[in-house]
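One file, input-v3.txt, carrying compact mmCIF, N, CA and C atoms:
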# COMPACT_ATOMS: atom_id res chain seq x y z
N MET A 1 -2.44 57.96 -23.81
CA MET A 1 -3.55 58.14 -24.72
C MET A 1 -4.53 59.15 -24.16
N ILE A 2 -4.67 59.24 -22.87
CA ILE A 2 -5.62 60.18 -22.27
C ILE A 2 -5.26 61.61 -22.65
N SER A 3 -3.97 61.97 -22.59
CA SER A 3 -3.57 63.33 -22.97
C SER A 3 -3.83 63.58 -24.46
N PHE A 4 -3.68 62.55 -25.26
CA PHE A 4 -3.96 62.63 -26.69
C PHE A 4 -5.42 63.05 -26.92
N LEU A 5 -6.31 62.54 -26.10
CA LEU A 5 -7.74 62.82 -26.27
C LEU A 5 -8.19 64.14 -25.66
N LYS A 6 -7.27 64.87 -25.04
CA LYS A 6 -7.62 66.21 -24.52
C LYS A 6 -7.80 67.21 -25.64
N ASN A 7 -7.20 66.94 -26.79
CA ASN A 7 -7.37 67.77 -27.97
C ASN A 7 -8.78 67.51 -28.52
N PRO A 8 -9.65 68.54 -28.60
CA PRO A 8 -11.04 68.33 -29.05
C PRO A 8 -11.15 67.69 -30.44
N GLN A 9 -10.26 68.07 -31.33
CA GLN A 9 -10.30 67.50 -32.68
C GLN A 9 -9.96 66.01 -32.67
N GLU A 10 -8.95 65.64 -31.88
CA GLU A 10 -8.58 64.23 -31.78
C GLU A 10 -9.66 63.43 -31.06
N ARG A 11 -10.25 64.02 -30.04
CA ARG A 11 -11.34 63.36 -29.32
C ARG A 11 -12.50 63.09 -30.28
N ASN A 12 -12.83 64.08 -31.12
CA ASN A 12 -13.89 63.91 -32.11
C ASN A 12 -13.54 62.79 -33.09
N ARG A 13 -12.28 62.73 -33.52
CA ARG A 13 -11.85 61.65 -34.41
C ARG A 13 -11.97 60.29 -33.73
N PHE A 14 -11.60 60.26 -32.44
CA PHE A 14 -11.71 59.00 -31.71
C PHE A 14 -13.17 58.56 -31.63
N TYR A 15 -14.08 59.48 -31.34
CA TYR A 15 -15.50 59.14 -31.28
C TYR A 15 -16.00 58.63 -32.63
N LYS A 16 -15.59 59.30 -33.71
CA LYS A 16 -15.99 58.84 -35.04
C LYS A 16 -15.40 57.46 -35.32
N PHE A 17 -14.13 57.27 -34.96
CA PHE A 17 -13.49 55.97 -35.14
C PHE A 17 -14.25 54.91 -34.37
N ALA A 18 -14.70 55.24 -33.16
CA ALA A 18 -15.46 54.29 -32.35
C ALA A 18 -16.81 53.97 -32.99
N VAL A 19 -17.49 54.98 -33.55
CA VAL A 19 -18.76 54.73 -34.24
C VAL A 19 -18.53 53.82 -35.44
N VAL A 20 -17.49 54.13 -36.20
CA VAL A 20 -17.13 53.27 -37.34
C VAL A 20 -16.84 51.86 -36.83
N GLY A 21 -16.14 51.78 -35.72
CA GLY A 21 -15.85 50.48 -35.12
C GLY A 21 -17.11 49.73 -34.72
N LEU A 22 -18.11 50.46 -34.21
CA LEU A 22 -19.38 49.82 -33.86
C LEU A 22 -20.09 49.28 -35.10
N ILE A 23 -20.06 50.05 -36.17
CA ILE A 23 -20.63 49.57 -37.43
C ILE A 23 -19.89 48.31 -37.87
N GLY A 24 -18.56 48.37 -37.80
CA GLY A 24 -17.75 47.21 -38.14
C GLY A 24 -18.05 46.03 -37.23
N ALA A 25 -18.26 46.29 -35.95
CA ALA A 25 -18.58 45.21 -35.01
C ALA A 25 -19.92 44.55 -35.35
N VAL A 26 -20.90 45.36 -35.74
CA VAL A 26 -22.19 44.79 -36.15
C VAL A 26 -21.99 43.88 -37.36
N ILE A 27 -21.21 44.37 -38.32
CA ILE A 27 -20.90 43.55 -39.50
C ILE A 27 -20.16 42.28 -39.07
N ASP A 28 -19.16 42.45 -38.22
CA ASP A 28 -18.34 41.35 -37.74
C ASP A 28 -19.19 40.29 -37.04
N PHE A 29 -19.98 40.70 -36.07
CA PHE A 29 -20.82 39.76 -35.32
C PHE A 29 -21.86 39.10 -36.23
N SER A 30 -22.48 39.88 -37.09
CA SER A 30 -23.53 39.34 -37.97
C SER A 30 -22.97 38.28 -38.91
N VAL A 31 -21.88 38.62 -39.59
CA VAL A 31 -21.29 37.67 -40.54
C VAL A 31 -20.79 36.44 -39.80
N MET A 32 -20.13 36.63 -38.65
CA MET A 32 -19.62 35.49 -37.89
C MET A 32 -20.77 34.56 -37.49
N ASN A 33 -21.85 35.11 -36.94
CA ASN A 33 -22.97 34.27 -36.49
C ASN A 33 -23.66 33.57 -37.66
N ILE A 34 -23.81 34.25 -38.78
CA ILE A 34 -24.43 33.63 -39.96
C ILE A 34 -23.57 32.47 -40.45
N LEU A 35 -22.27 32.70 -40.56
CA LEU A 35 -21.39 31.65 -41.07
C LEU A 35 -21.31 30.46 -40.12
N VAL A 36 -21.24 30.72 -38.81
CA VAL A 36 -21.22 29.61 -37.84
C VAL A 36 -22.54 28.83 -37.94
N HIS A 37 -23.64 29.55 -38.08
CA HIS A 37 -24.96 28.89 -38.22
C HIS A 37 -24.98 27.94 -39.43
N TYR A 38 -24.30 28.34 -40.50
CA TYR A 38 -24.28 27.52 -41.71
C TYR A 38 -23.11 26.54 -41.76
N GLY A 39 -22.47 26.29 -40.61
CA GLY A 39 -21.51 25.20 -40.52
C GLY A 39 -20.04 25.55 -40.65
N PHE A 40 -19.70 26.83 -40.82
CA PHE A 40 -18.29 27.19 -40.88
C PHE A 40 -17.69 27.12 -39.48
N SER A 41 -16.40 26.83 -39.40
CA SER A 41 -15.74 26.81 -38.09
C SER A 41 -15.70 28.23 -37.53
N PHE A 42 -15.57 28.31 -36.22
CA PHE A 42 -15.53 29.62 -35.55
C PHE A 42 -14.35 30.45 -36.04
N ILE A 43 -13.20 29.83 -36.21
CA ILE A 43 -12.01 30.56 -36.67
C ILE A 43 -12.21 31.06 -38.09
N THR A 44 -12.71 30.22 -38.98
CA THR A 44 -12.96 30.64 -40.36
C THR A 44 -14.02 31.75 -40.41
N ALA A 45 -15.10 31.55 -39.70
CA ALA A 45 -16.16 32.56 -39.67
C ALA A 45 -15.65 33.87 -39.09
N GLY A 46 -14.84 33.79 -38.04
CA GLY A 46 -14.28 34.99 -37.43
C GLY A 46 -13.31 35.71 -38.35
N THR A 47 -12.61 34.97 -39.18
CA THR A 47 -11.68 35.59 -40.12
C THR A 47 -12.43 36.29 -41.25
N VAL A 48 -13.41 35.62 -41.81
CA VAL A 48 -14.21 36.21 -42.90
C VAL A 48 -14.95 37.44 -42.39
N SER A 49 -15.53 37.34 -41.21
CA SER A 49 -16.27 38.48 -40.66
C SER A 49 -15.34 39.66 -40.39
N PHE A 50 -14.12 39.37 -39.98
CA PHE A 50 -13.12 40.40 -39.74
C PHE A 50 -12.79 41.15 -41.03
N VAL A 51 -12.58 40.42 -42.12
CA VAL A 51 -12.25 41.05 -43.40
C VAL A 51 -13.41 41.94 -43.87
N CYS A 52 -14.62 41.45 -43.73
CA CYS A 52 -15.80 42.27 -44.11
C CYS A 52 -15.84 43.56 -43.30
N ALA A 53 -15.59 43.47 -42.01
CA ALA A 53 -15.61 44.65 -41.15
C ALA A 53 -14.48 45.61 -41.50
N VAL A 54 -13.30 45.10 -41.82
CA VAL A 54 -12.16 45.95 -42.17
C VAL A 54 -12.46 46.76 -43.43
N ILE A 55 -13.03 46.12 -44.42
CA ILE A 55 -13.36 46.83 -45.67
C ILE A 55 -14.34 47.96 -45.39
N SER A 56 -15.37 47.66 -44.63
CA SER A 56 -16.34 48.70 -44.26
C SER A 56 -15.66 49.82 -43.48
N ASN A 57 -14.86 49.45 -42.49
CA ASN A 57 -14.21 50.45 -41.65
C ASN A 57 -13.26 51.34 -42.43
N PHE A 58 -12.56 50.76 -43.39
CA PHE A 58 -11.65 51.59 -44.18
C PHE A 58 -12.41 52.70 -44.90
N PHE A 59 -13.49 52.34 -45.57
CA PHE A 59 -14.25 53.35 -46.32
C PHE A 59 -14.84 54.42 -45.39
N TRP A 60 -15.43 53.99 -44.28
CA TRP A 60 -16.00 54.96 -43.33
C TRP A 60 -14.91 55.87 -42.75
N ASN A 61 -13.78 55.30 -42.36
CA ASN A 61 -12.71 56.12 -41.79
C ASN A 61 -12.11 57.06 -42.82
N ARG A 62 -11.92 56.59 -44.02
CA ARG A 62 -11.33 57.44 -45.06
C ARG A 62 -12.23 58.62 -45.41
N PHE A 63 -13.51 58.38 -45.49
CA PHE A 63 -14.41 59.43 -45.96
C PHE A 63 -15.12 60.20 -44.85
N TRP A 64 -15.14 59.69 -43.62
CA TRP A 64 -15.85 60.39 -42.55
C TRP A 64 -14.93 60.78 -41.40
N THR A 65 -14.19 59.83 -40.84
CA THR A 65 -13.33 60.11 -39.69
C THR A 65 -12.15 60.99 -40.06
N TYR A 66 -11.50 60.65 -41.16
CA TYR A 66 -10.31 61.37 -41.63
C TYR A 66 -10.49 61.85 -43.07
N PRO A 67 -11.47 62.70 -43.36
CA PRO A 67 -11.69 63.11 -44.75
C PRO A 67 -10.51 63.88 -45.33
N GLU A 68 -9.76 64.56 -44.48
CA GLU A 68 -8.61 65.32 -44.96
C GLU A 68 -7.41 64.42 -45.27
N SER A 69 -7.52 63.13 -45.01
CA SER A 69 -6.42 62.21 -45.29
C SER A 69 -6.43 61.72 -46.72
N ARG A 70 -7.36 62.18 -47.50
CA ARG A 70 -7.45 61.69 -48.87
C ARG A 70 -6.35 62.25 -49.77
N SER A 71 -5.38 62.94 -49.18
CA SER A 71 -4.22 63.37 -49.97
C SER A 71 -3.34 62.17 -50.31
N LYS A 72 -3.48 61.10 -49.53
CA LYS A 72 -2.74 59.87 -49.81
C LYS A 72 -3.46 59.08 -50.90
N LYS A 73 -2.69 58.32 -51.66
CA LYS A 73 -3.29 57.48 -52.69
C LYS A 73 -4.16 56.40 -52.05
N PHE A 74 -5.31 56.19 -52.66
CA PHE A 74 -6.32 55.26 -52.15
C PHE A 74 -5.73 53.87 -51.89
N ILE A 75 -5.09 53.30 -52.89
CA ILE A 75 -4.58 51.93 -52.77
C ILE A 75 -3.51 51.84 -51.69
N GLY A 76 -2.62 52.81 -51.64
CA GLY A 76 -1.58 52.80 -50.62
C GLY A 76 -2.16 52.88 -49.22
N GLN A 77 -3.13 53.74 -49.06
CA GLN A 77 -3.76 53.89 -47.74
C GLN A 77 -4.55 52.63 -47.38
N LEU A 78 -5.23 52.05 -48.35
CA LEU A 78 -5.96 50.81 -48.10
C LEU A 78 -4.99 49.70 -47.67
N LEU A 79 -3.84 49.61 -48.33
CA LEU A 79 -2.85 48.60 -47.95
C LEU A 79 -2.32 48.84 -46.54
N GLN A 80 -2.06 50.10 -46.19
CA GLN A 80 -1.62 50.40 -44.83
C GLN A 80 -2.70 49.98 -43.82
N PHE A 81 -3.94 50.36 -44.10
CA PHE A 81 -5.05 50.03 -43.21
C PHE A 81 -5.16 48.51 -43.04
N PHE A 82 -5.05 47.78 -44.15
CA PHE A 82 -5.13 46.32 -44.09
C PHE A 82 -3.95 45.74 -43.31
N MET A 83 -2.76 46.33 -43.45
CA MET A 83 -1.60 45.83 -42.70
C MET A 83 -1.80 46.00 -41.20
N VAL A 84 -2.30 47.17 -40.81
CA VAL A 84 -2.56 47.42 -39.39
C VAL A 84 -3.60 46.43 -38.88
N ASN A 85 -4.65 46.25 -39.67
CA ASN A 85 -5.72 45.35 -39.26
C ASN A 85 -5.31 43.89 -39.32
N THR A 86 -4.39 43.54 -40.21
CA THR A 86 -3.86 42.18 -40.24
C THR A 86 -3.06 41.92 -38.97
N ALA A 87 -2.29 42.90 -38.54
CA ALA A 87 -1.60 42.76 -37.25
C ALA A 87 -2.64 42.60 -36.14
N GLY A 88 -3.74 43.34 -36.26
CA GLY A 88 -4.83 43.18 -35.30
C GLY A 88 -5.42 41.78 -35.35
N LEU A 89 -5.48 41.21 -36.54
CA LEU A 89 -5.97 39.84 -36.68
C LEU A 89 -5.03 38.87 -35.96
N LEU A 90 -3.74 39.15 -36.02
CA LEU A 90 -2.77 38.30 -35.30
C LEU A 90 -2.95 38.42 -33.78
N ILE A 91 -3.42 39.57 -33.33
CA ILE A 91 -3.76 39.74 -31.91
C ILE A 91 -5.05 38.97 -31.62
N ARG A 92 -5.95 39.00 -32.56
CA ARG A 92 -7.29 38.42 -32.41
C ARG A 92 -7.26 36.88 -32.38
N PHE A 93 -6.44 36.26 -33.21
CA PHE A 93 -6.42 34.80 -33.30
C PHE A 93 -6.22 34.09 -31.96
N PRO A 94 -5.21 34.46 -31.19
CA PRO A 94 -5.03 33.76 -29.90
C PRO A 94 -6.21 33.96 -28.95
N ILE A 95 -6.84 35.12 -29.04
CA ILE A 95 -8.01 35.36 -28.18
C ILE A 95 -9.13 34.40 -28.58
N LEU A 96 -9.41 34.32 -29.88
CA LEU A 96 -10.46 33.41 -30.35
C LEU A 96 -10.11 31.95 -30.05
N LYS A 97 -8.86 31.61 -30.25
CA LYS A 97 -8.42 30.22 -30.11
C LYS A 97 -8.40 29.75 -28.65
N PHE A 98 -7.94 30.60 -27.73
CA PHE A 98 -7.70 30.15 -26.36
C PHE A 98 -8.75 30.62 -25.35
N VAL A 99 -9.32 31.78 -25.55
CA VAL A 99 -10.30 32.29 -24.58
C VAL A 99 -11.65 31.61 -24.77
N GLU A 100 -12.06 31.43 -26.04
CA GLU A 100 -13.38 30.85 -26.31
C GLU A 100 -13.58 29.48 -25.66
N PRO A 101 -12.64 28.54 -25.76
CA PRO A 101 -12.86 27.24 -25.09
C PRO A 101 -13.01 27.36 -23.57
N MET A 102 -12.26 28.29 -22.97
CA MET A 102 -12.39 28.48 -21.52
C MET A 102 -13.78 29.02 -21.17
N LEU A 103 -14.24 30.00 -21.94
CA LEU A 103 -15.58 30.55 -21.69
C LEU A 103 -16.66 29.51 -21.97
N ASP A 104 -16.47 28.73 -23.02
CA ASP A 104 -17.44 27.70 -23.37
C ASP A 104 -17.60 26.72 -22.22
N THR A 105 -16.49 26.30 -21.64
CA THR A 105 -16.52 25.39 -20.50
C THR A 105 -17.22 26.04 -19.31
N THR A 106 -16.95 27.32 -19.10
CA THR A 106 -17.57 28.05 -17.99
C THR A 106 -19.08 28.16 -18.16
N PHE A 107 -19.53 28.41 -19.39
CA PHE A 107 -20.95 28.65 -19.63
C PHE A 107 -21.78 27.38 -19.77
N ILE A 108 -21.15 26.21 -19.79
CA ILE A 108 -21.91 24.96 -19.90
C ILE A 108 -22.93 24.86 -18.78
N SER A 109 -22.54 25.19 -17.58
CA SER A 109 -23.45 25.04 -16.43
C SER A 109 -24.53 26.13 -16.39
N PHE A 110 -24.35 27.23 -17.14
CA PHE A 110 -25.32 28.32 -17.13
C PHE A 110 -26.37 28.22 -18.23
N SER A 111 -26.15 27.37 -19.20
CA SER A 111 -27.03 27.34 -20.37
C SER A 111 -27.75 26.01 -20.48
N ALA A 112 -28.96 26.07 -20.99
CA ALA A 112 -29.78 24.88 -21.14
C ALA A 112 -29.35 24.02 -22.31
N THR A 113 -28.81 24.65 -23.35
CA THR A 113 -28.46 23.88 -24.54
C THR A 113 -27.01 24.15 -24.95
N LYS A 114 -26.48 23.24 -25.74
CA LYS A 114 -25.13 23.40 -26.26
C LYS A 114 -25.04 24.64 -27.14
N GLN A 115 -26.05 24.87 -27.98
CA GLN A 115 -26.05 26.03 -28.86
C GLN A 115 -26.05 27.33 -28.06
N ALA A 116 -26.75 27.36 -26.95
CA ALA A 116 -26.83 28.59 -26.14
C ALA A 116 -25.48 28.92 -25.53
N HIS A 117 -24.82 27.96 -24.92
CA HIS A 117 -23.52 28.28 -24.30
C HIS A 117 -22.45 28.53 -25.35
N GLN A 118 -22.54 27.86 -26.51
CA GLN A 118 -21.57 28.15 -27.56
C GLN A 118 -21.78 29.56 -28.13
N ALA A 119 -23.02 29.94 -28.34
CA ALA A 119 -23.31 31.29 -28.84
C ALA A 119 -22.82 32.33 -27.85
N LEU A 120 -23.06 32.09 -26.57
CA LEU A 120 -22.61 33.02 -25.54
C LEU A 120 -21.09 33.12 -25.52
N SER A 121 -20.42 31.98 -25.54
CA SER A 121 -18.95 32.01 -25.50
C SER A 121 -18.37 32.59 -26.78
N HIS A 122 -18.94 32.28 -27.94
CA HIS A 122 -18.46 32.85 -29.20
C HIS A 122 -18.58 34.37 -29.19
N ASN A 123 -19.74 34.86 -28.79
CA ASN A 123 -19.98 36.31 -28.85
C ASN A 123 -19.21 37.08 -27.79
N LEU A 124 -19.08 36.55 -26.60
CA LEU A 124 -18.30 37.22 -25.57
C LEU A 124 -16.81 37.24 -25.94
N THR A 125 -16.32 36.14 -26.48
CA THR A 125 -14.93 36.09 -26.93
C THR A 125 -14.69 37.10 -28.05
N LEU A 126 -15.59 37.14 -29.00
CA LEU A 126 -15.45 38.08 -30.11
C LEU A 126 -15.52 39.52 -29.61
N ALA A 127 -16.39 39.81 -28.64
CA ALA A 127 -16.48 41.15 -28.08
C ALA A 127 -15.16 41.56 -27.42
N MET A 128 -14.56 40.65 -26.68
CA MET A 128 -13.26 40.94 -26.06
C MET A 128 -12.21 41.22 -27.13
N ALA A 129 -12.16 40.39 -28.15
CA ALA A 129 -11.17 40.56 -29.22
C ALA A 129 -11.39 41.87 -29.95
N VAL A 130 -12.63 42.21 -30.25
CA VAL A 130 -12.93 43.45 -30.95
C VAL A 130 -12.48 44.66 -30.14
N GLY A 131 -12.74 44.66 -28.84
CA GLY A 131 -12.34 45.79 -27.98
C GLY A 131 -10.84 45.98 -27.93
N ILE A 132 -10.12 44.90 -27.77
CA ILE A 132 -8.66 44.98 -27.69
C ILE A 132 -8.07 45.43 -29.03
N VAL A 133 -8.54 44.84 -30.10
CA VAL A 133 -8.02 45.16 -31.42
C VAL A 133 -8.40 46.58 -31.84
N MET A 134 -9.58 47.07 -31.40
CA MET A 134 -9.97 48.44 -31.74
C MET A 134 -8.96 49.46 -31.20
N MET A 135 -8.50 49.27 -29.98
CA MET A 135 -7.53 50.21 -29.40
C MET A 135 -6.23 50.17 -30.20
N TRP A 136 -5.75 49.00 -30.53
CA TRP A 136 -4.56 48.84 -31.37
C TRP A 136 -4.77 49.58 -32.69
N ASN A 137 -5.90 49.31 -33.34
CA ASN A 137 -6.17 49.89 -34.65
C ASN A 137 -6.22 51.41 -34.61
N PHE A 138 -6.86 51.97 -33.60
CA PHE A 138 -6.97 53.42 -33.53
C PHE A 138 -5.59 54.06 -33.42
N ILE A 139 -4.80 53.59 -32.50
CA ILE A 139 -3.50 54.20 -32.25
C ILE A 139 -2.57 54.07 -33.46
N VAL A 140 -2.46 52.87 -34.00
CA VAL A 140 -1.53 52.66 -35.11
C VAL A 140 -2.04 53.34 -36.39
N ASN A 141 -3.32 53.24 -36.66
CA ASN A 141 -3.84 53.90 -37.86
C ASN A 141 -3.71 55.41 -37.76
N ARG A 142 -3.92 55.96 -36.59
CA ARG A 142 -3.82 57.42 -36.44
C ARG A 142 -2.41 57.90 -36.74
N TYR A 143 -1.41 57.17 -36.27
CA TYR A 143 -0.03 57.64 -36.43
C TYR A 143 0.68 57.10 -37.67
N TRP A 144 0.06 56.16 -38.38
CA TRP A 144 0.72 55.65 -39.58
C TRP A 144 -0.18 55.83 -40.81
N THR A 145 -1.34 55.21 -40.81
CA THR A 145 -2.21 55.27 -41.99
C THR A 145 -2.71 56.68 -42.25
N TYR A 146 -3.06 57.39 -41.19
CA TYR A 146 -3.61 58.74 -41.33
C TYR A 146 -2.64 59.79 -40.82
N ASN A 147 -1.34 59.56 -41.00
CA ASN A 147 -0.33 60.50 -40.49
C ASN A 147 -0.23 61.77 -41.31
N ASP A 148 -0.96 61.86 -42.42
CA ASP A 148 -0.96 63.09 -43.20
C ASP A 148 -1.97 64.10 -42.66
N VAL A 149 -2.67 63.75 -41.59
CA VAL A 149 -3.65 64.62 -40.95
C VAL A 149 -2.99 65.33 -39.78
N ASP A 150 -3.14 66.63 -39.72
CA ASP A 150 -2.55 67.40 -38.60
C ASP A 150 -3.24 67.07 -37.30
Whole structure, structure tokens version:
Amino acid sequence: MISFLKNPQERNRFYKFAVVGLIGAVIDFSVMNILVHYGFSFITAGTVSFVCAVISNFFWNRFWTYPESRSKKFIGQLLQFFMVNTAGLLIRFPILKFVEPMLDTTFISFSATKQAHQALSHNLTLAMAVGIVMMWNFIVNRYWTYNDVD
């Protein structure tokens, strides 16, 4: 991947993809925290927040990161993007399911309240999942969803 980023145009696309990813992460974290606050399970909240972020990311990537990719039909490209991100969700689930309880147990001794250590473990787990899935998404979307871009 490092040699891939030596191309200035690809490096610029990666930076834009990362900015879009940050916007998506803000959406992801915000929706997840709001839903957990209102009683949704962490897995459900994380899934809903993921879908919200994917929809936002698709539009930003289609119109800003890869504007020349609009030669593909909108619905087809959206389906490809969702398929890549659904695979990313399959990567994300085990991280949310198995890492969060370990972190929660670790943070019990560092936090004064149950809500504090749960918030810390939820957000750190989600940050790890977002970082891992972002790399997957960039590589696969670049070579499949946006393969009509030189």
**Request:** May I have the residues within 12 Å of Pro101 (chain A) as a list in words, using only C-alpha atoms and disregarding those fewer than 2 positions away in the same chain?
**Result:**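 Near neighbours after the sequence-gap exclusion: Phe42, Pro94, Ile95, Leu96, Lys97, Phe98, Val99, Leu103, Asp104, Thr105, Thr106, Phe107, Ile108, His117, Gln118, Ala119, Leu120, Ser121, His122, Leu124 and Thr125 of chain A.
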**Request:** Excluding region 129-139 of chain A and any residue of its chain fewer than 4 positions from it, enumerate the residues within 8 Å of it, using only N, CA and C atoms, and give them as a PyMOL selection string.
**Result:** chain A and resi 14+17-18+21+25+84-85+87-89+91-93+95-96+123-125+143-145
**Request:** Tell me, as a list of chain:residue names, which residues lie within 8 Å of Ile55 (chain A), counting all atoms listed in the file; anything in the same chain fewer than 6 positions away does not count.
**Result:** A:Gly24, A:Ser49, A:Asn61, A:Phe82
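CA of Val149 (chain A) lies 7.0 Å from atom C of Ser69 (chain A).
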**Asked** From the list A:Val20, A:Arg13, A:Ala127, A:Glu100, which residue is nearest Tyr146 (chain A) when using only C-alpha atoms?
**Response**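 Of all the options, A:Arg13 lies closest to Tyr146 (chain A).
Here CA of Ala112 (chain A) stands at a distance of 27.4 Å from atom N of Ile27 (chain A).
Computed from the coordinates, the CA of Cys52 (chain A) to CA of Asp28 (chain A) distance equals 6.9 Å.
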**Request:** May I ask which of the residues A:Val48, A:Met128, A:Tyr38, A:Asp148 is the closest one to Glu68 (chain A), counting only N, CA and C atoms?
**Result:** A:Asp148
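With distances restricted to only N, CA and C atoms, A:Phe58 is the closest residue to Gln77 (chain A) from A:Pro8, A:Phe58, A:Val26, A:Leu126.
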**Request:** Determine which residues of chain A receive a DSSP assignment of alpha helix (DSSP H), computed from the backbone, and state them as number ranges by chain.
**Result:** A: 8-37, 42-60, 74-94, 100-107, 114-140
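Taking only C-alpha atoms into account, Arg142 (chain A) lies nearest to A:Phe81 out of the set A:Phe40, A:Phe74, A:Trp64, A:Phe81.
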**Asked** Nearest to Phe29 (chain A): which of A:Thr113, A:Ala53, A:Tyr15, A:Ile43 is it, counting all atoms listed in the file?
**Response**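 Closest to Phe29 (chain A), using all atoms listed in the file: A:Ala53.
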